[in-house]
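Colleague: First, the structure itself, so that you have it in front of you.
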Amino acid sequence: MSAPSTDSVDTEPPAPETAFPFDLATMRRWLAEHETCSVGEHLTAQQIAGGRSNPTYSLTDGQHSWILRRPPMGHVLPTAHDMGREYRAMTALRNSAVPVPRTVGLCEDSALLGAPFYVMEKLDGTTLRTAQDTGRLTPEQRASIADSMVDILVALHEIDPAEVGLADWGRPQGYLERQLRRWKQQWEHSATVPRSEVDELCTRLAASLPGSNHPGIVHGDFKIDNLMVDHQDPTRILGLLDWEMSTLGDTLADVGILCSFWDQEGEFHNPITAGATALAGFPRREEIVQRYGEARGIDVADLDWYLVFADFKIAVILEGIHARYLQGHTDGEDVSDVGSMVGPLLDRALHRASHSSAPGLSGLRTNR
């Protein structure tokens with residue numbers, strides 16, 4: 001998962017002035033070799049502000065515009081920030097019911113620009129990142145966006161991976177166990193301060209692993225600000241972005257992530273979305289879950305494990321970003337506040353776990 005994304009946004013403020021970590025002449029030659037349209041002689045680039053994960057740049061030749069994504073500099077979590085994974089997922093889903101940007105090309109040779117990268121089309125839309133953004137919508141528009149989000153998630157989860165060339169995308173069996181192990185290891189690689197609640201959460205999550213009964217394509221970071229919407233009609237979703245954690249696995253993991261980011265009035269808000277969906281018109285979390293379950297014809301009554309794990313996973317990712325910030329590897333990224341987000345998310349995860357009806361998750365021990 002990546003934190004708030006600015007992919008394909010053309011209304012975002014530019015990042016503070018910083019030297020671009022690539023040569024524009026080299027970039028222009030590579031783009032001309034991979035793009036189907038004619039590329040102009042002069043290319044300009046601007047880093048897009050707001051991203052907290054993979055640095056994102058807007059490229060233009062004056063006629064056409066593209067988005068370039070590359071891994072962050074400095075501390076990078078093992079297996080994270082996989083450019084090839086993002087690129088392949090969007091390329092595979094291009095003609096599916098899931099809207100994604102058109103991909104242009106992938107370069108896995110770090111010698112060219114100093115890191116792997118890929119380029120995709122720049123969608124002519126905007127993202128709804130904050131409560132100020134969603135506050136400009138009508139309640140009817142908010143309700144429509146929520147419906148569209150559920151429709152897209154259902155469409156993604158109902159795709160047969162083999163039909164889009166993703167049969168080898170991952171191993172659904174044992175997915176949750178591997179995810180828990182992976183994110184525990186990521187914490188160990190990134191932790192800037194010891195937190196006893198992490199060990200407690202990992203123990204409880206391991207003691208209450210659900211069976212993965214609904215395998216399919218998992219996006220890994222499904223939230224409102226990873227959607228590009230139309231300028232004129234914000235209820236029309238142009239693209240689902242940020243596919244770096246996509247794989248084959250338990251599709252209910254995406255529902256857990258969506259719920260973790262789905263803020264509601266009167267509750268603790270996820271520090272990333274900070275109340276973006278806690279406005280009139282947006283349905284309650286349980287309504288989102290019910291609509292999703294009915295659309296797929298599956299039982300999603302008990303999501304406690306997925307909710308707790310989602311909060312834990314997001315906290316680990318934020319700790320990794322905070323570690324990069326402390327090492328001075330976050331040029332052009334507004335991440336000075338990320339460290340303060342970790343504790344509240346872990347606290348909410350532990351609170352949710354303690355109030356779960358699942359004995360292992362709640363901390364109660366069952367007799368064997």
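Chain lettering (A, B, ...) mirrors the order of the structure tokens, residue numbering begins at 1 for each chain separately, and ligand numbering begins at 1 in order of display.
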List the neighbours of stretch 81-95 of chain A out to 10 Å using only C-alpha atoms; skip same-chain residues closer than 2 positions along the sequence, and give me the result as an MDAnalysis selection string.
Modeller: chainID A and resid 1:2 53:54 69:72 76:79 97:108 115:120 156 159 161 163:166 169 217 219 239:247
Colleague: Could the residues in this selection be saved with N, CA and C atoms as a tab-separated table (two decimals), in the first residue's frame?
Modeller:
```tsv
chain	number	residue	atom	x	y	z
A	1	MET	N	0.85	-1.17	0.00
A	1	MET	CA	0.00	0.00	0.00
A	1	MET	C	0.87	1.20	0.00
A	2	SER	N	0.43	2.22	-0.65
A	2	SER	CA	1.10	3.47	-0.59
A	2	SER	C	0.21	4.43	0.10
A	53	SER	N	4.56	7.92	-1.01
A	53	SER	CA	5.14	6.61	-1.28
A	53	SER	C	6.07	6.70	-2.46
A	54	ASN	N	5.61	6.36	-3.66
A	54	ASN	CA	6.47	6.41	-4.83
A	54	ASN	C	6.49	7.82	-5.43
A	69	ARG	N	6.42	7.14	-12.67
A	69	ARG	CA	6.50	6.67	-11.28
A	69	ARG	C	7.81	5.92	-11.09
A	70	ARG	N	8.46	6.15	-9.96
A	70	ARG	CA	9.70	5.45	-9.62
A	70	ARG	C	9.70	5.18	-8.11
A	71	PRO	N	10.55	4.26	-7.65
A	71	PRO	CA	10.61	4.00	-6.20
A	71	PRO	C	11.22	5.18	-5.47
A	72	PRO	N	10.97	5.27	-4.18
A	72	PRO	CA	11.58	6.34	-3.38
A	72	PRO	C	13.07	6.11	-3.20
A	76	VAL	N	13.98	1.68	1.73
A	76	VAL	CA	12.86	1.08	1.03
A	76	VAL	C	12.59	-0.29	1.62
A	77	LEU	N	11.34	-0.55	1.95
A	77	LEU	CA	10.99	-1.84	2.54
A	77	LEU	C	11.23	-2.96	1.55
A	78	PRO	N	11.74	-4.09	2.01
A	78	PRO	CA	11.94	-5.23	1.12
A	78	PRO	C	10.63	-5.61	0.42
A	79	THR	N	10.69	-5.86	-0.88
A	79	THR	CA	9.59	-6.25	-1.76
A	79	THR	C	8.59	-5.13	-2.01
A	97	ALA	N	-13.53	-4.32	-16.84
A	97	ALA	CA	-14.54	-3.43	-16.26
A	97	ALA	C	-13.94	-2.49	-15.21
A	98	VAL	N	-12.67	-2.67	-14.91
A	98	VAL	CA	-12.00	-1.80	-13.92
A	98	VAL	C	-11.26	-0.70	-14.68
A	99	PRO	N	-11.60	0.58	-14.45
A	99	PRO	CA	-10.94	1.66	-15.19
A	99	PRO	C	-9.50	1.88	-14.69
A	100	VAL	N	-8.55	1.89	-15.61
A	100	VAL	CA	-7.14	2.12	-15.29
A	100	VAL	C	-6.53	2.99	-16.38
A	101	PRO	N	-5.46	3.73	-16.09
A	101	PRO	CA	-4.79	4.51	-17.12
A	101	PRO	C	-4.12	3.60	-18.15
A	102	ARG	N	-3.96	4.12	-19.36
A	102	ARG	CA	-3.21	3.39	-20.38
A	102	ARG	C	-1.73	3.43	-20.04
A	103	THR	N	-1.09	2.27	-20.01
A	103	THR	CA	0.34	2.22	-19.73
A	103	THR	C	1.13	2.41	-21.02
A	104	VAL	N	2.29	3.05	-20.89
A	104	VAL	CA	3.15	3.34	-22.04
A	104	VAL	C	4.35	2.41	-22.08
A	105	GLY	N	5.03	2.24	-20.97
A	105	GLY	CA	6.20	1.39	-20.95
A	105	GLY	C	6.79	1.26	-19.57
A	106	LEU	N	7.56	0.19	-19.39
A	106	LEU	CA	8.23	-0.11	-18.12
A	106	LEU	C	9.72	-0.23	-18.39
A	107	CYS	N	10.53	0.37	-17.53
A	107	CYS	CA	11.99	0.23	-17.61
A	107	CYS	C	12.48	-0.32	-16.28
A	108	GLU	N	12.99	-1.53	-16.30
A	108	GLU	CA	13.51	-2.15	-15.07
A	108	GLU	C	15.01	-2.02	-14.96
A	115	ALA	N	16.90	4.33	-11.37
A	115	ALA	CA	15.94	3.48	-10.67
A	115	ALA	C	14.98	2.92	-11.70
A	116	PRO	N	14.33	1.80	-11.42
A	116	PRO	CA	13.26	1.33	-12.30
A	116	PRO	C	12.13	2.36	-12.34
A	117	PHE	N	11.40	2.40	-13.42
A	117	PHE	CA	10.28	3.33	-13.51
A	117	PHE	C	9.30	2.84	-14.58
A	118	TYR	N	8.12	3.40	-14.55
A	118	TYR	CA	7.19	3.17	-15.65
A	118	TYR	C	6.47	4.47	-15.97
A	119	VAL	N	5.90	4.53	-17.16
A	119	VAL	CA	5.18	5.71	-17.62
A	119	VAL	C	3.77	5.29	-18.05
A	120	MET	N	2.80	6.11	-17.70
A	120	MET	CA	1.41	5.88	-18.10
A	120	MET	C	0.82	7.20	-18.57
A	156	LEU	N	-13.60	-5.81	-9.92
A	156	LEU	CA	-12.23	-6.31	-9.81
A	156	LEU	C	-12.20	-7.71	-9.22
A	159	ILE	N	-13.28	-10.67	-11.50
A	159	ILE	CA	-12.49	-10.99	-12.69
A	159	ILE	C	-11.77	-12.33	-12.49
A	161	PRO	N	-8.64	-14.15	-12.95
A	161	PRO	CA	-7.26	-13.71	-13.23
A	161	PRO	C	-6.70	-14.30	-14.52
A	163	GLU	N	-8.17	-14.94	-17.26
A	163	GLU	CA	-8.72	-14.30	-18.45
A	163	GLU	C	-8.01	-13.00	-18.80
A	164	VAL	N	-7.30	-12.39	-17.83
A	164	VAL	CA	-6.57	-11.14	-18.10
A	164	VAL	C	-5.06	-11.36	-18.02
A	165	GLY	N	-4.65	-12.61	-18.03
A	165	GLY	CA	-3.22	-12.90	-18.03
A	165	GLY	C	-2.55	-12.80	-16.68
A	166	LEU	N	-3.31	-12.92	-15.60
A	166	LEU	CA	-2.75	-12.79	-14.26
A	166	LEU	C	-2.89	-14.08	-13.44
A	169	TRP	N	-0.21	-14.38	-10.86
A	169	TRP	CA	0.01	-13.11	-10.17
A	169	TRP	C	0.32	-13.30	-8.68
A	217	ILE	N	-8.24	-11.18	-7.55
A	217	ILE	CA	-7.27	-10.10	-7.68
A	217	ILE	C	-7.48	-9.11	-6.55
A	219	HIS	N	-6.33	-5.49	-4.94
A	219	HIS	CA	-5.65	-4.22	-5.25
A	219	HIS	C	-4.61	-3.89	-4.19
A	239	GLY	N	-10.18	6.33	-13.30
A	239	GLY	CA	-9.13	5.34	-13.13
A	239	GLY	C	-8.89	4.97	-11.68
A	240	LEU	N	-8.55	3.72	-11.46
A	240	LEU	CA	-8.11	3.23	-10.16
A	240	LEU	C	-6.59	3.15	-10.21
A	241	LEU	N	-5.92	3.79	-9.26
A	241	LEU	CA	-4.47	3.97	-9.30
A	241	LEU	C	-3.78	3.18	-8.18
A	242	ASP	N	-2.44	3.28	-8.16
A	242	ASP	CA	-1.61	2.70	-7.09
A	242	ASP	C	-1.77	1.18	-6.94
A	243	TRP	N	-1.20	0.46	-7.89
A	243	TRP	CA	-1.34	-1.00	-7.94
A	243	TRP	C	-0.09	-1.71	-7.44
A	244	GLU	N	0.77	-1.05	-6.72
A	244	GLU	CA	2.06	-1.64	-6.36
A	244	GLU	C	1.93	-2.84	-5.41
A	245	MET	N	0.81	-2.97	-4.71
A	245	MET	CA	0.64	-4.10	-3.80
A	245	MET	C	-0.39	-5.10	-4.32
A	246	SER	N	-0.74	-5.00	-5.58
A	246	SER	CA	-1.72	-5.92	-6.14
A	246	SER	C	-1.15	-7.33	-6.23
A	247	THR	N	-2.03	-8.31	-6.12
A	247	THR	CA	-1.63	-9.71	-6.16
A	247	THR	C	-2.89	-10.57	-6.25
```
Colleague: Per DSSP on the backbone, what are the helix (DSSP H, G or I) residues of stretch 199-290 of chain A, as a PDB file with N, CA and C atoms, in the first residue's frame?
Modeller:
```pdb
ATOM      1  N   ASP A 199       3.716  -6.276  18.727  1.00  0.00           N
ATOM      2  CA  ASP A 199       3.835  -7.697  19.079  1.00  0.00           C
ATOM      3  C   ASP A 199       2.490  -8.261  19.512  1.00  0.00           C
ATOM      4  N   GLU A 200       1.741  -7.473  20.279  1.00  0.00           N
ATOM      5  CA  GLU A 200       0.437  -7.930  20.749  1.00  0.00           C
ATOM      6  C   GLU A 200      -0.525  -8.136  19.578  1.00  0.00           C
ATOM      7  N   LEU A 201      -0.536  -7.194  18.654  1.00  0.00           N
ATOM      8  CA  LEU A 201      -1.409  -7.312  17.490  1.00  0.00           C
ATOM      9  C   LEU A 201      -1.037  -8.520  16.634  1.00  0.00           C
ATOM     10  N   CYS A 202       0.250  -8.707  16.420  1.00  0.00           N
ATOM     11  CA  CYS A 202       0.686  -9.845  15.603  1.00  0.00           C
ATOM     12  C   CYS A 202       0.313 -11.174  16.250  1.00  0.00           C
ATOM     13  N   THR A 203       0.428 -11.246  17.562  1.00  0.00           N
ATOM     14  CA  THR A 203       0.055 -12.465  18.279  1.00  0.00           C
ATOM     15  C   THR A 203      -1.433 -12.751  18.111  1.00  0.00           C
ATOM     16  N   ARG A 204      -2.247 -11.717  18.281  1.00  0.00           N
ATOM     17  CA  ARG A 204      -3.697 -11.906  18.176  1.00  0.00           C
ATOM     18  C   ARG A 204      -4.133 -12.222  16.747  1.00  0.00           C
ATOM     19  N   LEU A 205      -3.542 -11.538  15.782  1.00  0.00           N
ATOM     20  CA  LEU A 205      -3.894 -11.796  14.387  1.00  0.00           C
ATOM     21  C   LEU A 205      -3.507 -13.217  13.980  1.00  0.00           C
ATOM     22  N   ALA A 206      -2.367 -13.665  14.444  1.00  0.00           N
ATOM     23  CA  ALA A 206      -1.929 -15.023  14.126  1.00  0.00           C
ATOM     24  C   ALA A 206      -2.843 -16.069  14.778  1.00  0.00           C
ATOM     25  N   ALA A 207      -3.379 -15.741  15.942  1.00  0.00           N
ATOM     26  CA  ALA A 207      -4.231 -16.680  16.671  1.00  0.00           C
ATOM     27  C   ALA A 207      -5.645 -16.749  16.113  1.00  0.00           C
ATOM     28  N   ILE A 224     -10.521   6.058  -1.348  1.00  0.00           N
ATOM     29  CA  ILE A 224     -11.116   7.087  -2.197  1.00  0.00           C
ATOM     30  C   ILE A 224     -10.073   7.945  -2.899  1.00  0.00           C
ATOM     31  N   ASP A 225      -8.931   8.206  -2.265  1.00  0.00           N
ATOM     32  CA  ASP A 225      -7.972   9.096  -2.919  1.00  0.00           C
ATOM     33  C   ASP A 225      -7.042   8.349  -3.874  1.00  0.00           C
ATOM     34  N   ASN A 226      -7.288   7.067  -4.096  1.00  0.00           N
ATOM     35  CA  ASN A 226      -6.597   6.339  -5.156  1.00  0.00           C
ATOM     36  C   ASN A 226      -7.481   6.194  -6.387  1.00  0.00           C
ATOM     37  N   LEU A 252     -11.331 -10.167   0.452  1.00  0.00           N
ATOM     38  CA  LEU A 252     -11.876  -9.423   1.592  1.00  0.00           C
ATOM     39  C   LEU A 252     -10.831  -8.517   2.234  1.00  0.00           C
ATOM     40  N   ALA A 253      -9.550  -8.745   1.924  1.00  0.00           N
ATOM     41  CA  ALA A 253      -8.514  -7.846   2.425  1.00  0.00           C
ATOM     42  C   ALA A 253      -8.716  -6.436   1.871  1.00  0.00           C
ATOM     43  N   ASP A 254      -9.181  -6.329   0.636  1.00  0.00           N
ATOM     44  CA  ASP A 254      -9.476  -5.010   0.055  1.00  0.00           C
ATOM     45  C   ASP A 254     -10.648  -4.345   0.766  1.00  0.00           C
ATOM     46  N   VAL A 255     -11.621  -5.139   1.180  1.00  0.00           N
ATOM     47  CA  VAL A 255     -12.764  -4.580   1.911  1.00  0.00           C
ATOM     48  C   VAL A 255     -12.298  -4.040   3.256  1.00  0.00           C
ATOM     49  N   GLY A 256     -11.361  -4.758   3.897  1.00  0.00           N
ATOM     50  CA  GLY A 256     -10.806  -4.275   5.160  1.00  0.00           C
ATOM     51  C   GLY A 256     -10.087  -2.954   4.988  1.00  0.00           C
ATOM     52  N   ILE A 257      -9.284  -2.826   3.924  1.00  0.00           N
ATOM     53  CA  ILE A 257      -8.576  -1.576   3.656  1.00  0.00           C
ATOM     54  C   ILE A 257      -9.573  -0.457   3.398  1.00  0.00           C
ATOM     55  N   LEU A 258     -10.580  -0.721   2.561  1.00  0.00           N
ATOM     56  CA  LEU A 258     -11.589   0.290   2.277  1.00  0.00           C
ATOM     57  C   LEU A 258     -12.249   0.773   3.564  1.00  0.00           C
ATOM     58  N   CYS A 259     -12.577  -0.165   4.447  1.00  0.00           N
ATOM     59  CA  CYS A 259     -13.234   0.199   5.702  1.00  0.00           C
ATOM     60  C   CYS A 259     -12.298   0.964   6.630  1.00  0.00           C
ATOM     61  N   SER A 260     -11.029   0.623   6.642  1.00  0.00           N
ATOM     62  CA  SER A 260     -10.073   1.349   7.474  1.00  0.00           C
ATOM     63  C   SER A 260      -9.999   2.816   7.067  1.00  0.00           C
ATOM     64  N   PHE A 261     -10.103   3.069   5.763  1.00  0.00           N
ATOM     65  CA  PHE A 261     -10.042   4.434   5.250  1.00  0.00           C
ATOM     66  C   PHE A 261     -11.408   5.103   5.164  1.00  0.00           C
ATOM     67  N   ARG A 285     -20.227   2.697   7.042  1.00  0.00           N
ATOM     68  CA  ARG A 285     -19.332   1.597   6.708  1.00  0.00           C
ATOM     69  C   ARG A 285     -20.097   0.286   6.535  1.00  0.00           C
ATOM     70  N   GLU A 286     -21.037   0.027   7.423  1.00  0.00           N
ATOM     71  CA  GLU A 286     -21.778  -1.232   7.334  1.00  0.00           C
ATOM     72  C   GLU A 286     -22.638  -1.292   6.071  1.00  0.00           C
ATOM     73  N   GLU A 287     -23.088  -0.143   5.580  1.00  0.00           N
ATOM     74  CA  GLU A 287     -23.859  -0.124   4.337  1.00  0.00           C
ATOM     75  C   GLU A 287     -22.969  -0.454   3.143  1.00  0.00           C
ATOM     76  N   ILE A 288     -21.740   0.063   3.169  1.00  0.00           N
ATOM     77  CA  ILE A 288     -20.779  -0.255   2.112  1.00  0.00           C
ATOM     78  C   ILE A 288     -20.534  -1.772   2.065  1.00  0.00           C
ATOM     79  N   VAL A 289     -20.288  -2.337   3.243  1.00  0.00           N
ATOM     80  CA  VAL A 289     -20.003  -3.768   3.332  1.00  0.00           C
ATOM     81  C   VAL A 289     -21.204  -4.589   2.872  1.00  0.00           C
ATOM     82  N   GLN A 290     -22.408  -4.195   3.301  1.00  0.00           N
ATOM     83  CA  GLN A 290     -23.611  -4.921   2.918  1.00  0.00           C
ATOM     84  C   GLN A 290     -23.815  -4.875   1.405  1.00  0.00           C
TER      85      GLN A 290
END
```
Colleague: Have a look at A:Thr60, A:Ser336, A:Ala131, A:Leu180 and name the one nearest to A:Trp262; count only C-alpha atoms.
Modeller: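 Selected residue with least distance to A:Trp262: A:Ala131.
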Colleague: How would you write, as a ChimeraX atom specification, the set of residues in stretch 45-224 of chain A that DSSP gives as strand (DSSP E or B)?
Modeller: /A:45-48,56-60,65-69,103-107,117-121,125-127,215-218
Colleague: May I have the selected residues written with N, CA and C atoms, as a PDB file, in the first residue's frame?
Modeller:
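Saved the output as result_14.pdb:
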```pdb
ATOM      1  N   ALA A  45       9.297  18.467 -16.927  1.00  0.00           N
ATOM      2  CA  ALA A  45       8.819  17.588 -15.852  1.00  0.00           C
ATOM      3  C   ALA A  45       8.570  18.386 -14.594  1.00  0.00           C
ATOM      4  N   GLN A  46       7.620  17.925 -13.814  1.00  0.00           N
ATOM      5  CA  GLN A  46       7.307  18.556 -12.533  1.00  0.00           C
ATOM      6  C   GLN A  46       6.931  17.475 -11.537  1.00  0.00           C
ATOM      7  N   GLN A  47       7.617  17.444 -10.404  1.00  0.00           N
ATOM      8  CA  GLN A  47       7.224  16.484  -9.377  1.00  0.00           C
ATOM      9  C   GLN A  47       5.891  16.917  -8.797  1.00  0.00           C
ATOM     10  N   ILE A  48       5.032  15.946  -8.577  1.00  0.00           N
ATOM     11  CA  ILE A  48       3.712  16.224  -8.033  1.00  0.00           C
ATOM     12  C   ILE A  48       3.768  16.107  -6.527  1.00  0.00           C
ATOM     13  N   THR A  56       6.305  10.727  -7.880  1.00  0.00           N
ATOM     14  CA  THR A  56       5.494  10.778  -9.085  1.00  0.00           C
ATOM     15  C   THR A  56       5.759  12.091  -9.814  1.00  0.00           C
ATOM     16  N   TYR A  57       5.936  12.009 -11.134  1.00  0.00           N
ATOM     17  CA  TYR A  57       6.273  13.189 -11.925  1.00  0.00           C
ATOM     18  C   TYR A  57       5.308  13.325 -13.097  1.00  0.00           C
ATOM     19  N   SER A  58       4.950  14.560 -13.377  1.00  0.00           N
ATOM     20  CA  SER A  58       4.157  14.878 -14.551  1.00  0.00           C
ATOM     21  C   SER A  58       5.106  15.292 -15.668  1.00  0.00           C
ATOM     22  N   LEU A  59       4.967  14.659 -16.829  1.00  0.00           N
ATOM     23  CA  LEU A  59       5.794  14.962 -17.991  1.00  0.00           C
ATOM     24  C   LEU A  59       4.920  15.523 -19.099  1.00  0.00           C
ATOM     25  N   THR A  60       5.445  16.475 -19.864  1.00  0.00           N
ATOM     26  CA  THR A  60       4.701  16.990 -21.006  1.00  0.00           C
ATOM     27  C   THR A  60       5.648  17.476 -22.091  1.00  0.00           C
ATOM     28  N   SER A  65       0.647  14.590 -22.330  1.00  0.00           N
ATOM     29  CA  SER A  65       1.093  14.556 -20.933  1.00  0.00           C
ATOM     30  C   SER A  65       1.119  13.125 -20.426  1.00  0.00           C
ATOM     31  N   TRP A  66       2.104  12.850 -19.587  1.00  0.00           N
ATOM     32  CA  TRP A  66       2.281  11.506 -19.036  1.00  0.00           C
ATOM     33  C   TRP A  66       2.583  11.599 -17.537  1.00  0.00           C
ATOM     34  N   ILE A  67       2.541  10.457 -16.894  1.00  0.00           N
ATOM     35  CA  ILE A  67       2.934  10.319 -15.487  1.00  0.00           C
ATOM     36  C   ILE A  67       4.071   9.310 -15.411  1.00  0.00           C
ATOM     37  N   LEU A  68       5.128   9.662 -14.704  1.00  0.00           N
ATOM     38  CA  LEU A  68       6.248   8.753 -14.444  1.00  0.00           C
ATOM     39  C   LEU A  68       6.263   8.420 -12.964  1.00  0.00           C
ATOM     40  N   ARG A  69       6.417   7.142 -12.670  1.00  0.00           N
ATOM     41  CA  ARG A  69       6.501   6.674 -11.282  1.00  0.00           C
ATOM     42  C   ARG A  69       7.805   5.916 -11.085  1.00  0.00           C
ATOM     43  N   THR A 103      -1.094   2.269 -20.015  1.00  0.00           N
ATOM     44  CA  THR A 103       0.339   2.221 -19.726  1.00  0.00           C
ATOM     45  C   THR A 103       1.134   2.411 -21.018  1.00  0.00           C
ATOM     46  N   VAL A 104       2.295   3.052 -20.887  1.00  0.00           N
ATOM     47  CA  VAL A 104       3.148   3.340 -22.040  1.00  0.00           C
ATOM     48  C   VAL A 104       4.348   2.406 -22.084  1.00  0.00           C
ATOM     49  N   GLY A 105       5.029   2.244 -20.966  1.00  0.00           N
ATOM     50  CA  GLY A 105       6.199   1.388 -20.949  1.00  0.00           C
ATOM     51  C   GLY A 105       6.787   1.262 -19.566  1.00  0.00           C
ATOM     52  N   LEU A 106       7.558   0.189 -19.387  1.00  0.00           N
ATOM     53  CA  LEU A 106       8.229  -0.107 -18.120  1.00  0.00           C
ATOM     54  C   LEU A 106       9.722  -0.231 -18.387  1.00  0.00           C
ATOM     55  N   CYS A 107      10.531   0.369 -17.531  1.00  0.00           N
ATOM     56  CA  CYS A 107      11.986   0.228 -17.613  1.00  0.00           C
ATOM     57  C   CYS A 107      12.485  -0.320 -16.279  1.00  0.00           C
ATOM     58  N   PHE A 117      11.399   2.399 -13.422  1.00  0.00           N
ATOM     59  CA  PHE A 117      10.281   3.333 -13.512  1.00  0.00           C
ATOM     60  C   PHE A 117       9.305   2.838 -14.577  1.00  0.00           C
ATOM     61  N   TYR A 118       8.117   3.404 -14.549  1.00  0.00           N
ATOM     62  CA  TYR A 118       7.189   3.167 -15.651  1.00  0.00           C
ATOM     63  C   TYR A 118       6.473   4.470 -15.967  1.00  0.00           C
ATOM     64  N   VAL A 119       5.898   4.525 -17.161  1.00  0.00           N
ATOM     65  CA  VAL A 119       5.181   5.709 -17.618  1.00  0.00           C
ATOM     66  C   VAL A 119       3.774   5.287 -18.047  1.00  0.00           C
ATOM     67  N   MET A 120       2.796   6.106 -17.696  1.00  0.00           N
ATOM     68  CA  MET A 120       1.415   5.879 -18.101  1.00  0.00           C
ATOM     69  C   MET A 120       0.816   7.198 -18.567  1.00  0.00           C
ATOM     70  N   GLU A 121      -0.335   7.110 -19.189  1.00  0.00           N
ATOM     71  CA  GLU A 121      -1.010   8.326 -19.618  1.00  0.00           C
ATOM     72  C   GLU A 121      -1.412   9.154 -18.402  1.00  0.00           C
ATOM     73  N   GLY A 125      -8.183  14.370 -14.875  1.00  0.00           N
ATOM     74  CA  GLY A 125      -9.121  14.311 -13.767  1.00  0.00           C
ATOM     75  C   GLY A 125      -8.499  14.822 -12.490  1.00  0.00           C
ATOM     76  N   THR A 126      -9.120  14.505 -11.391  1.00  0.00           N
ATOM     77  CA  THR A 126      -8.636  14.953 -10.091  1.00  0.00           C
ATOM     78  C   THR A 126      -8.908  13.876  -9.052  1.00  0.00           C
ATOM     79  N   THR A 127      -8.233  13.982  -7.912  1.00  0.00           N
ATOM     80  CA  THR A 127      -8.483  13.047  -6.815  1.00  0.00           C
ATOM     81  C   THR A 127      -9.171  13.771  -5.674  1.00  0.00           C
ATOM     82  N   PRO A 215     -10.978 -16.038  -3.098  1.00  0.00           N
ATOM     83  CA  PRO A 215      -9.755 -15.646  -3.787  1.00  0.00           C
ATOM     84  C   PRO A 215     -10.037 -14.813  -5.037  1.00  0.00           C
ATOM     85  N   GLY A 216      -9.071 -14.003  -5.407  1.00  0.00           N
ATOM     86  CA  GLY A 216      -9.198 -13.191  -6.609  1.00  0.00           C
ATOM     87  C   GLY A 216      -8.097 -12.151  -6.660  1.00  0.00           C
ATOM     88  N   ILE A 217      -8.241 -11.176  -7.552  1.00  0.00           N
ATOM     89  CA  ILE A 217      -7.267 -10.096  -7.681  1.00  0.00           C
ATOM     90  C   ILE A 217      -7.479  -9.109  -6.548  1.00  0.00           C
ATOM     91  N   VAL A 218      -6.428  -8.840  -5.799  1.00  0.00           N
ATOM     92  CA  VAL A 218      -6.466  -7.891  -4.678  1.00  0.00           C
ATOM     93  C   VAL A 218      -5.697  -6.642  -5.083  1.00  0.00           C
TER      94      VAL A 218
END
```
Colleague: Please determine, counting only C-alpha atoms, which residue among A:Gly275, A:Pro21, A:Gly220, A:Gly343 has the shortest atom-to-atom distance to A:Phe312.
Modeller: A:Gly343
Colleague: Show me a table, sorted first by chain and then by increasing residue number, of the residues of stretch 175-266 of chain A having an atom at most 12 Å from stretch 135-145 of chain A, each with its shortest atom pair and the distance in Å to one decimal, counting only C-alpha atoms and written as JSON lines.
Modeller:
```
{"residue": "A:Lys223", "atom": "CA", "partner": "A:Ile145", "partner_atom": "CA", "distance": 11.6}
{"residue": "A:Ile224", "atom": "CA", "partner": "A:Ile145", "partner_atom": "CA", "distance": 8.9}
{"residue": "A:Asp225", "atom": "CA", "partner": "A:Ile145", "partner_atom": "CA", "distance": 11.6}
{"residue": "A:Leu227", "atom": "CA", "partner": "A:Ile145", "partner_atom": "CA", "distance": 10.0}
{"residue": "A:Met228", "atom": "CA", "partner": "A:Ile145", "partner_atom": "CA", "distance": 11.1}
{"residue": "A:Val229", "atom": "CA", "partner": "A:Ile145", "partner_atom": "CA", "distance": 9.1}
{"residue": "A:Asp230", "atom": "CA", "partner": "A:Ile145", "partner_atom": "CA", "distance": 11.2}
{"residue": "A:His231", "atom": "CA", "partner": "A:Leu137", "partner_atom": "CA", "distance": 11.7}
{"residue": "A:Gln232", "atom": "CA", "partner": "A:Leu137", "partner_atom": "CA", "distance": 11.4}
{"residue": "A:Asp233", "atom": "CA", "partner": "A:Gln141", "partner_atom": "CA", "distance": 8.8}
{"residue": "A:Pro234", "atom": "CA", "partner": "A:Gln141", "partner_atom": "CA", "distance": 7.3}
{"residue": "A:Thr235", "atom": "CA", "partner": "A:Ile145", "partner_atom": "CA", "distance": 5.0}
{"residue": "A:Arg236", "atom": "CA", "partner": "A:Ile145", "partner_atom": "CA", "distance": 7.5}
{"residue": "A:Ile237", "atom": "CA", "partner": "A:Ile145", "partner_atom": "CA", "distance": 7.9}
{"residue": "A:Leu238", "atom": "CA", "partner": "A:Ile145", "partner_atom": "CA", "distance": 11.7}
```
Colleague: Could you take the residues named above and write them with C-alpha atoms, as a CSV table (one decimal), in the first residue's frame?
Modeller:
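Produced file result_33.csv, reproduced below:
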```
chain,number,residue,atom,x,y,z
A,223,LYS,CA,-9.4,4.0,-1.0
A,224,ILE,CA,-11.1,7.1,-2.2
A,225,ASP,CA,-8.0,9.1,-2.9
A,227,LEU,CA,-9.4,7.0,-7.6
A,228,MET,CA,-9.2,9.6,-10.4
A,229,VAL,CA,-12.6,11.3,-11.0
A,230,ASP,CA,-13.8,13.5,-13.9
A,231,HIS,CA,-13.4,17.2,-13.4
A,232,GLN,CA,-16.9,18.0,-14.7
A,233,ASP,CA,-18.7,14.9,-13.3
A,234,PRO,CA,-16.9,13.8,-10.0
A,235,THR,CA,-19.2,10.8,-9.8
A,236,ARG,CA,-17.5,9.4,-12.9
A,237,ILE,CA,-14.4,7.4,-12.0
A,238,LEU,CA,-11.7,7.6,-14.7
```
Colleague: List as a count of residues only the protein and nucleic acid residues near A:Glu188, meaning an atom at most 12 Å away when only C-alpha atoms are counted, but skip any in the same chain fewer than 2 places from it.
Modeller: 21
Colleague: Could you tell me which of A:Gln179, A:Ser356, A:Ser196, A:Thr273 comes closest to A:Lys313 if we count only C-alpha atoms?
Modeller: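 The closest residue to A:Lys313 is A:Gln179.
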